[in-house]
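Next comes run.txt, with compact mmCIF, C-alpha atoms.
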```txt
# COMPACT_ATOMS: atom_id res chain seq x y z
CA PHE N 1 -44.40 153.39 -220.64
CA ALA N 2 -42.29 156.15 -222.24
CA TYR N 3 -43.15 158.52 -219.38
CA THR N 4 -42.19 155.92 -216.75
CA LEU N 5 -38.88 155.23 -218.48
CA SER N 6 -38.14 158.94 -218.69
CA MET N 7 -38.77 159.42 -214.97
CA HIS N 8 -36.60 156.40 -214.20
CA SER N 9 -33.79 157.83 -216.30
CA ARG N 10 -34.12 161.16 -214.51
CA LEU N 11 -33.83 159.43 -211.14
CA ILE N 12 -30.66 157.68 -212.27
CA ILE N 13 -29.18 160.99 -213.43
CA ILE N 14 -30.10 162.69 -210.16
CA ARG N 15 -28.47 159.89 -208.15
CA GLN N 16 -25.32 160.15 -210.24
CA LEU N 17 -25.19 163.91 -209.76
CA LEU N 18 -25.58 163.53 -205.99
CA LEU N 19 -22.74 161.01 -205.93
CA LEU N 20 -20.55 163.35 -207.95
CA LEU N 21 -21.34 166.24 -205.61
CA LEU N 22 -20.30 164.05 -202.69
CA LEU N 23 -17.13 162.68 -204.21
CA ALA N 24 -16.04 165.09 -206.91
CA GLY N 25 -12.96 167.15 -206.42
CA THR N 26 -9.81 166.15 -204.70
CA SER N 27 -9.24 166.85 -201.06
CA SER N 28 -8.91 170.56 -200.53
CA PRO N 29 -5.23 171.44 -200.14
CA SER N 30 -5.65 172.97 -196.71
CA SER N 31 -1.94 172.90 -195.99
CA CYS N 32 -1.24 174.95 -199.13
CA LEU N 33 -4.10 177.46 -199.19
CA VAL N 34 -2.08 180.39 -197.86
CA SER N 35 1.06 179.78 -199.88
CA ALA N 36 0.30 177.50 -202.81
CA PHE N 37 2.77 174.67 -203.28
CA SER N 38 4.95 176.06 -200.46
CA PRO N 39 3.74 174.35 -197.27
CA SER N 40 5.16 175.22 -193.89
CA PRO N 41 7.94 172.85 -192.80
CA GLN N 42 6.67 170.04 -190.57
CA SER N 43 8.45 168.82 -187.47
CA LEU N 44 9.98 165.33 -187.43
CA PRO N 45 8.75 162.71 -184.95
CA ASN N 46 11.04 161.91 -182.03
CA ASN N 47 10.99 158.18 -182.73
CA LEU N 48 10.71 155.87 -185.72
CA PRO N 49 7.58 153.85 -186.58
CA SER N 50 7.31 150.77 -184.38
CA ASN N 51 5.84 148.33 -186.94
CA PRO N 52 5.05 148.02 -190.69
CA ASP N 53 1.51 149.32 -190.27
CA ASP N 54 2.87 152.51 -188.66
CA VAL N 55 5.20 152.94 -191.64
CA VAL N 56 2.28 152.58 -194.07
CA ARG N 57 0.19 155.08 -192.10
CA GLN N 58 3.04 157.60 -191.93
CA ALA N 59 3.85 157.18 -195.61
CA ALA N 60 0.19 157.57 -196.65
CA ASN N 61 -0.10 160.85 -194.73
CA SER N 62 3.08 162.24 -196.30
CA ILE N 63 2.06 161.23 -199.82
CA THR N 64 -1.44 162.66 -199.36
CA ASN N 65 -0.14 165.97 -198.02
CA ALA N 66 2.24 166.32 -200.96
CA TYR N 67 -0.50 165.42 -203.45
CA GLU N 68 -2.79 168.04 -201.93
CA CYS N 69 -0.04 170.57 -202.57
CA GLY N 70 0.09 169.67 -206.25
CA VAL N 71 2.91 167.09 -206.22
CA HIS N 72 1.56 164.28 -208.40
CA LEU N 73 4.92 162.75 -209.37
CA GLN N 74 6.53 161.30 -206.25
CA THR N 75 9.35 159.00 -205.17
CA ILE N 76 9.03 157.00 -201.97
CA ARG N 77 11.33 154.51 -200.26
CA LEU N 78 9.97 151.95 -197.82
CA PRO N 79 12.12 149.86 -195.44
CA LEU N 80 12.92 146.31 -196.53
CA SER N 81 13.82 144.85 -193.15
CA GLN N 82 12.04 143.93 -189.94
CA ALA N 83 15.20 144.92 -188.06
CA ILE N 84 14.14 148.56 -188.17
CA TYR N 85 11.30 147.91 -185.72
CA GLY N 86 13.54 147.06 -182.78
CA ASN N 87 16.90 145.69 -181.78
CA LYS N 88 16.49 142.33 -183.43
CA GLU N 89 19.98 140.90 -183.41
CA GLU N 90 19.52 138.42 -186.27
CA GLY N 91 18.10 141.04 -188.59
CA PHE N 92 20.70 143.58 -187.54
CA VAL N 93 23.60 141.25 -188.27
CA ALA N 94 22.15 140.24 -191.64
CA ASP N 95 21.62 143.87 -192.63
CA ARG N 96 25.14 144.76 -191.58
CA ALA N 97 26.63 141.90 -193.56
CA ILE N 98 24.88 142.06 -196.93
CA GLY N 99 22.18 144.76 -196.75
CA TRP N 100 19.38 142.39 -197.75
CA GLN N 101 19.00 138.61 -197.72
CA GLY N 102 18.46 138.14 -201.44
CA GLY N 103 17.95 139.91 -204.75
CA PRO N 104 15.16 142.00 -206.31
CA MET N 105 12.67 139.11 -206.43
CA GLU N 106 13.05 138.64 -202.66
CA THR N 107 12.67 142.35 -201.97
CA TYR N 108 9.59 142.37 -204.20
CA ARG N 109 7.91 139.71 -202.05
CA TYR N 110 8.44 141.92 -199.01
CA LEU N 111 7.58 145.22 -200.70
CA SER N 112 4.51 144.30 -202.75
CA PRO N 113 2.12 143.59 -199.82
CA MET N 114 3.21 146.81 -198.12
CA VAL N 115 2.41 148.90 -201.21
CA ASN N 116 -0.88 147.01 -201.63
CA ASN N 117 -1.75 148.12 -198.10
CA LEU N 118 -0.50 151.66 -198.68
CA LEU N 119 -2.40 152.71 -201.83
CA PRO N 120 -5.96 152.54 -200.37
CA ARG N 121 -4.86 154.78 -197.47
CA ILE N 122 -3.74 157.62 -199.73
CA ARG N 123 -6.50 160.24 -200.00
CA THR N 124 -7.06 161.59 -203.50
CA ALA N 125 -10.76 162.41 -203.00
CA ASN N 126 -12.82 163.62 -200.07
CA SER N 127 -14.74 160.38 -199.59
CA THR N 128 -15.17 156.82 -200.81
CA ALA N 129 -18.89 156.80 -199.89
CA GLY N 130 -18.26 153.66 -197.86
CA LEU N 131 -16.94 151.74 -200.87
CA ASN N 132 -13.57 149.99 -200.99
CA VAL N 133 -10.61 151.07 -203.09
CA LYS N 134 -9.64 148.20 -205.41
CA VAL N 135 -5.92 147.47 -205.89
CA SER N 136 -4.58 145.36 -208.77
CA GLU N 137 -1.04 144.44 -209.78
CA GLN N 138 0.72 143.74 -213.07
CA ILE N 139 4.12 142.02 -213.04
CA LEU N 140 6.48 143.76 -215.46
CA LEU N 141 9.87 142.03 -215.37
CA ASP N 142 9.85 139.33 -212.70
CA PHE N 143 13.65 138.93 -212.64
CA ASP N 144 13.88 142.63 -211.72
CA GLY N 145 11.17 142.29 -209.06
CA ALA N 146 9.31 145.09 -210.86
CA SER N 147 5.57 145.54 -210.99
CA LEU N 148 2.86 148.16 -211.51
CA GLN N 149 0.13 148.48 -208.88
CA THR N 150 -3.06 150.43 -209.59
CA SER N 151 -5.66 151.57 -207.08
CA GLU N 152 -9.13 152.21 -208.50
CA HIS N 153 -11.09 154.80 -206.52
CA PRO N 154 -14.89 154.46 -206.22
CA ALA N 155 -15.22 158.20 -206.89
CA GLY N 156 -13.98 157.64 -210.42
CA ALA N 157 -10.89 157.17 -212.55
CA PHE N 158 -9.68 160.73 -211.95
CA TYR N 159 -8.71 159.67 -208.41
CA ASP N 160 -6.87 156.45 -209.28
CA ILE N 161 -3.21 155.95 -208.34
CA GLN N 162 -0.41 154.00 -209.98
CA ALA N 163 2.82 152.85 -208.32
CA LEU N 164 5.86 151.46 -210.15
CA LEU N 165 7.78 149.14 -207.84
CA GLN N 166 11.56 148.77 -208.01
CA PRO N 167 12.35 150.36 -211.38
CA ASN N 168 16.04 150.43 -212.26
CA THR N 169 18.21 152.41 -214.67
CA ASP N 170 17.48 150.22 -217.70
CA GLY N 171 15.99 152.05 -220.68
CA TYR N 172 12.87 149.88 -220.42
CA TYR N 173 11.86 151.66 -217.22
CA ILE N 174 12.57 155.11 -218.63
CA LYS N 175 10.17 154.34 -221.47
CA THR N 176 7.65 152.82 -219.03
CA ILE N 177 7.69 155.94 -216.86
CA GLN N 178 7.18 158.16 -219.91
CA ALA N 179 4.27 156.02 -221.10
CA ILE N 180 2.55 156.05 -217.70
CA GLU N 181 2.87 159.82 -217.46
CA GLU N 182 1.33 160.25 -220.91
CA GLN N 183 -1.41 157.63 -220.69
CA PHE N 184 -2.29 157.77 -216.98
CA CYS N 185 -1.06 160.88 -215.15
CA ASN N 186 -2.13 163.55 -217.61
CA THR N 187 -5.90 163.94 -217.17
CA ARG N 188 -6.03 166.72 -219.80
CA LYS N 189 -8.73 168.40 -217.73
CA ALA N 190 -8.25 172.00 -216.61
CA ASP N 191 -10.51 171.46 -213.60
CA LYS N 192 -8.96 168.13 -212.57
CA PRO N 193 -5.49 167.53 -211.11
CA ASN N 194 -3.14 165.09 -212.77
CA ARG N 195 -3.32 161.58 -211.33
CA LEU N 196 -0.85 160.49 -208.67
CA PHE N 197 2.08 158.35 -209.84
CA LEU N 198 4.62 156.87 -207.41
CA LEU N 199 8.09 155.46 -207.98
CA VAL N 200 8.58 152.99 -205.13
CA ASN N 201 12.10 151.99 -204.05
CA PRO N 202 13.83 152.81 -207.33
CA ALA N 203 17.29 151.30 -207.78
CA TRP N 204 19.01 154.65 -208.41
CA ARG N 205 20.26 157.20 -205.87
CA ASP N 206 21.43 160.10 -208.06
CA ARG N 207 22.41 160.88 -211.64
CA SER N 208 25.65 158.90 -211.33
CA SER N 209 23.56 155.72 -211.14
CA PHE N 210 22.58 156.19 -214.81
CA GLY N 211 26.13 156.38 -216.18
CA ILE N 212 27.70 159.04 -218.35
CA PHE N 213 25.33 158.72 -221.30
CA GLY N 214 22.05 158.40 -219.39
CA ALA N 215 22.66 160.88 -216.57
CA GLN N 216 21.37 164.04 -218.24
CA LYS N 217 18.19 162.43 -219.53
CA ALA N 218 17.49 160.86 -216.12
CA GLN N 219 18.08 164.21 -214.43
CA GLU N 220 15.55 165.96 -216.65
CA LEU N 221 12.94 163.20 -216.78
CA ILE N 222 13.08 161.82 -213.24
CA LEU N 223 15.43 163.36 -210.70
CA ASP N 224 14.28 166.95 -211.24
CA ARG N 225 10.59 166.04 -211.40
CA TYR N 226 9.91 163.20 -208.93
CA GLU N 227 10.18 164.62 -205.44
CA THR N 228 10.99 162.33 -202.53
CA THR N 229 7.95 162.72 -200.29
CA TYR N 230 8.60 159.77 -197.98
CA ALA N 231 11.72 157.71 -197.29
CA LEU N 232 12.85 155.44 -194.49
CA ASP N 233 16.38 154.15 -195.11
CA GLN N 234 18.43 151.90 -192.85
CA PHE N 235 22.18 151.26 -192.84
CA ILE N 236 25.23 150.87 -190.60
CA VAL N 237 27.69 153.59 -189.55
CA ARG N 238 30.42 152.97 -186.97
CA GLY N 239 28.85 149.63 -186.14
CA ARG N 240 25.54 151.26 -185.25
CA GLN N 241 22.16 150.80 -186.85
CA ILE N 242 21.24 154.17 -188.37
CA SER N 243 18.00 155.31 -189.99
CA LEU N 244 17.12 158.28 -192.16
CA LEU N 245 13.50 159.44 -192.23
CA LYS N 246 12.01 161.91 -194.69
CA CYS N 247 8.37 163.00 -194.48
CA TRP N 248 6.59 165.66 -196.47
CA SER N 249 7.33 168.51 -195.88
CA SER N 250 9.98 168.01 -193.21
CA ASP N 251 13.76 167.85 -193.29
CA TRP N 252 15.68 164.57 -193.32
CA GLY N 253 15.94 163.14 -189.82
CA LEU N 254 18.85 161.04 -188.53
CA TYR N 255 17.85 158.38 -185.97
CA ALA N 256 20.00 156.13 -183.81
CA ALA N 257 19.84 154.33 -180.48
CA ILE N 258 22.46 156.09 -178.36
CA ASN N 259 23.23 154.64 -174.94
CA ASN N 260 26.08 156.39 -173.15
CA SER N 261 25.20 155.02 -169.72
CA ASP N 262 27.59 152.45 -168.28
CA GLU N 263 24.84 151.18 -165.99
CA LYS N 264 22.47 150.50 -168.90
CA LYS N 265 24.93 149.59 -171.63
CA ASP N 266 23.20 146.26 -172.30
CA GLU N 267 19.70 147.76 -172.34
CA ALA N 268 17.98 147.98 -175.73
CA LEU N 269 16.85 151.53 -176.47
CA PRO N 270 14.59 152.82 -179.27
CA ALA N 271 16.15 154.92 -182.01
CA GLU N 272 15.75 158.63 -181.41
CA LEU N 273 16.08 161.74 -183.53
CA ILE N 274 19.65 163.05 -183.12
CA ALA N 275 20.03 165.41 -186.11
CA SER N 276 18.18 166.87 -189.09
CA TYR N 277 19.26 168.07 -192.53
CA ALA N 278 17.66 170.13 -195.28
CA THR N 279 18.88 167.61 -197.88
CA ARG N 280 19.77 163.93 -197.62
CA PRO N 281 23.03 163.80 -195.64
CA GLU N 282 26.17 162.15 -196.90
CA TYR N 283 28.13 159.55 -194.96
CA LYS N 284 30.66 162.12 -193.71
CA ASP N 285 27.85 164.26 -192.24
CA ILE N 286 26.37 161.31 -190.36
CA ASP N 287 29.79 160.17 -189.16
CA ALA N 288 30.53 163.63 -187.77
CA VAL N 289 27.27 163.65 -185.77
CA LEU N 290 27.93 160.19 -184.33
CA LYS N 291 31.39 161.23 -183.20
CA GLY N 292 29.80 164.01 -181.19
CA VAL N 293 27.02 162.06 -179.49
CA VAL N 294 28.56 158.64 -178.84
CA LYS N 295 30.52 158.26 -175.64
CA LYS N 296 34.06 157.09 -176.26
```

Reformat the file's structure so that it appears as structure tokens.
Amino acid sequence: FAYTLSMHSRLIIIRQLLLLLLLAGTSSPSSCLVSAFSPSPQSLPNNLPSNPDDVVRQAANSITNAYECGVHLQTIRLPLSQAIYGNKEEGFVADRAIGWQGGPMETYRYLSPMVNNLLPRIRTANSTAGLNVKVSEQILLDFDGASLQTSEHPAGAFYDIQALLQPNTDGYYIKTIQAIEEQFCNTRKADKPNRLFLLVNPAWRDRSSFGIFGAQKAQELILDRYETTYALDQFIVRGRQISLLKCWSSDWGLYAAINNSDEKKDEALPAELIASYATRPEYKDIDAVLKGVVKK
């Protein structure tokens, strides 16, 4: 009986080793092999994603590429309006008037399913061996629309991902981010990369969002360390629906539907790439470009 049990145990160990050989190790950082952590700039697409699933696919690719280049602390911004996927007049007018039809709890109901769909598409290991990535969610402060989503990878805990949705400048979130970095991100393994941690649609834009007393700490803890690897922002300039797209490792792209034809002035056109910037452009930069491309 002892011999049979020993052989059985050996078979279990062999199977586990084979699974580890198949799954162990993160995806090889092919885009960073020649120049580590300095990937070649990628070209921007000519048009914006046409539906939410395209946004998720594009975001997942950008996040994965950045992670493969060693960027495990990332900020991403996903669109919170259907109006971005076409010239939908109702959505366009609502966006122009108030930016979003509701507060953080309403944006959470739109954002949460998108992130739930996004996390399993991010590649942190070479294979899932045909098994599904499990995503769970913990509500943090419901009145802030904040939650923590975790994806559990079948290859093991080293390849899990956490995403903090809609954190704001309150000290609670600063402490939460520090705790997640310490307890989740840091694997403390020389041969394993730190786990991927995403800040999704944070409420801040720059250090001024944190006020005089919190700006320096936020700069050191967050702004200097969490790189924006994907962003798709939408707003109005000169009465036109404008979008900014950032993908890893491309510049910021400015997109707008420009129709200077008198014969087709009522025809709906898709937004196209009209300018690019090394850093996120300010309003004055966008306004200057629109002056040059819009027919007066």

List every residue of range 122-178 of chain N that has an atom at most 12 Å from any atom of range 39-62 of chain N, giving for each one its closest atom pair and the distance in Å to one decimal, counting all atoms listed in the file, sorted by chain and then by ascending residue number, as JSON lines.
```
{"residue": "N:Ile122", "atom": "CA", "partner": "N:Ala60", "partner_atom": "CA", "distance": 5.0}
{"residue": "N:Arg123", "atom": "CA", "partner": "N:Ala60", "partner_atom": "CA", "distance": 7.9}
{"residue": "N:Thr124", "atom": "CA", "partner": "N:Ala60", "partner_atom": "CA", "distance": 10.8}
```

- Item | Between CA of Pro104 in chain N and CA of Trp252 in chain N - distance in Å to one decimal | 26.0 Å

- Item | Non-local contacts of range 197-204 of chain N (7 Å; all atoms listed in the file; under 3 positions in same chain excluded) as a list in words |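 Close residues of range 197-204 of chain N: His72, Leu73, Gln74, Thr75, Ile76, Arg77, Leu78, Ile161, Gln162, Ala163, Leu164, Leu165, Gln166, Pro167, Asn168, Thr169, Cys185 and Ser209 of chain N.
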
- Could you please determine the separation between CA of Ile286 in chain N and CA of Asn259 in chain N in Å, to one decimal place?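 Between CA of Ile286 in chain N and CA of Asn259 in chain N the gap works out to 17.1 Å.
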
Taking a cut-off of 12 Å and counting only C-alpha atoms, can you build a table that, for each residue of range 192-235 of chain N near range 240-244 of chain N, reports the nearest atom pair and how far apart they are in Å (one decimal), sorted by chain then residue number, as CSV?
```
residue,atom,partner,partner_atom,distance
N:Tyr230,CA,N:Leu244,CA,10.4
N:Ala231,CA,N:Leu244,CA,7.5
N:Leu232,CA,N:Leu244,CA,5.6
N:Asp233,CA,N:Leu244,CA,5.1
N:Gln234,CA,N:Ser243,CA,4.5
N:Phe235,CA,N:Ile242,CA,5.4
```

- With a distance cut-off of 7 Å and only C-alpha atoms, select the neighbouring residues of range 272-285 of chain N, excluding the residue or stretch itself and same-chain residues fewer than 4 positions from it, and output the selection as an NGL selection string. :N and (46-47 or 251-257 or 289)

- Can you pull out every residue within 8 Å of Phe158 in chain N, counting only C-alpha atoms, but drop anything in the same chain fewer than 5 positions away, and send it as a PyMOL selection string? chain N and resi 187+192+194-195

- Task: Have a look at CA of Asp170 in chain N and CA of Ser151 in chain N and let me know their distance in Å, one decimal.
- Result: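 Computing the Euclidean distance for CA of Asp170 in chain N and CA of Ser151 in chain N yields 25.5 Å.
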
- Item | Residue nearest Gly103 in chain N - candidates N:Phe143, N:Pro193, N:Ala66, N:Thr176, atoms counted: all atoms listed in the file |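 Closest to Gly103 in chain N, using all atoms listed in the file: N:Phe143.
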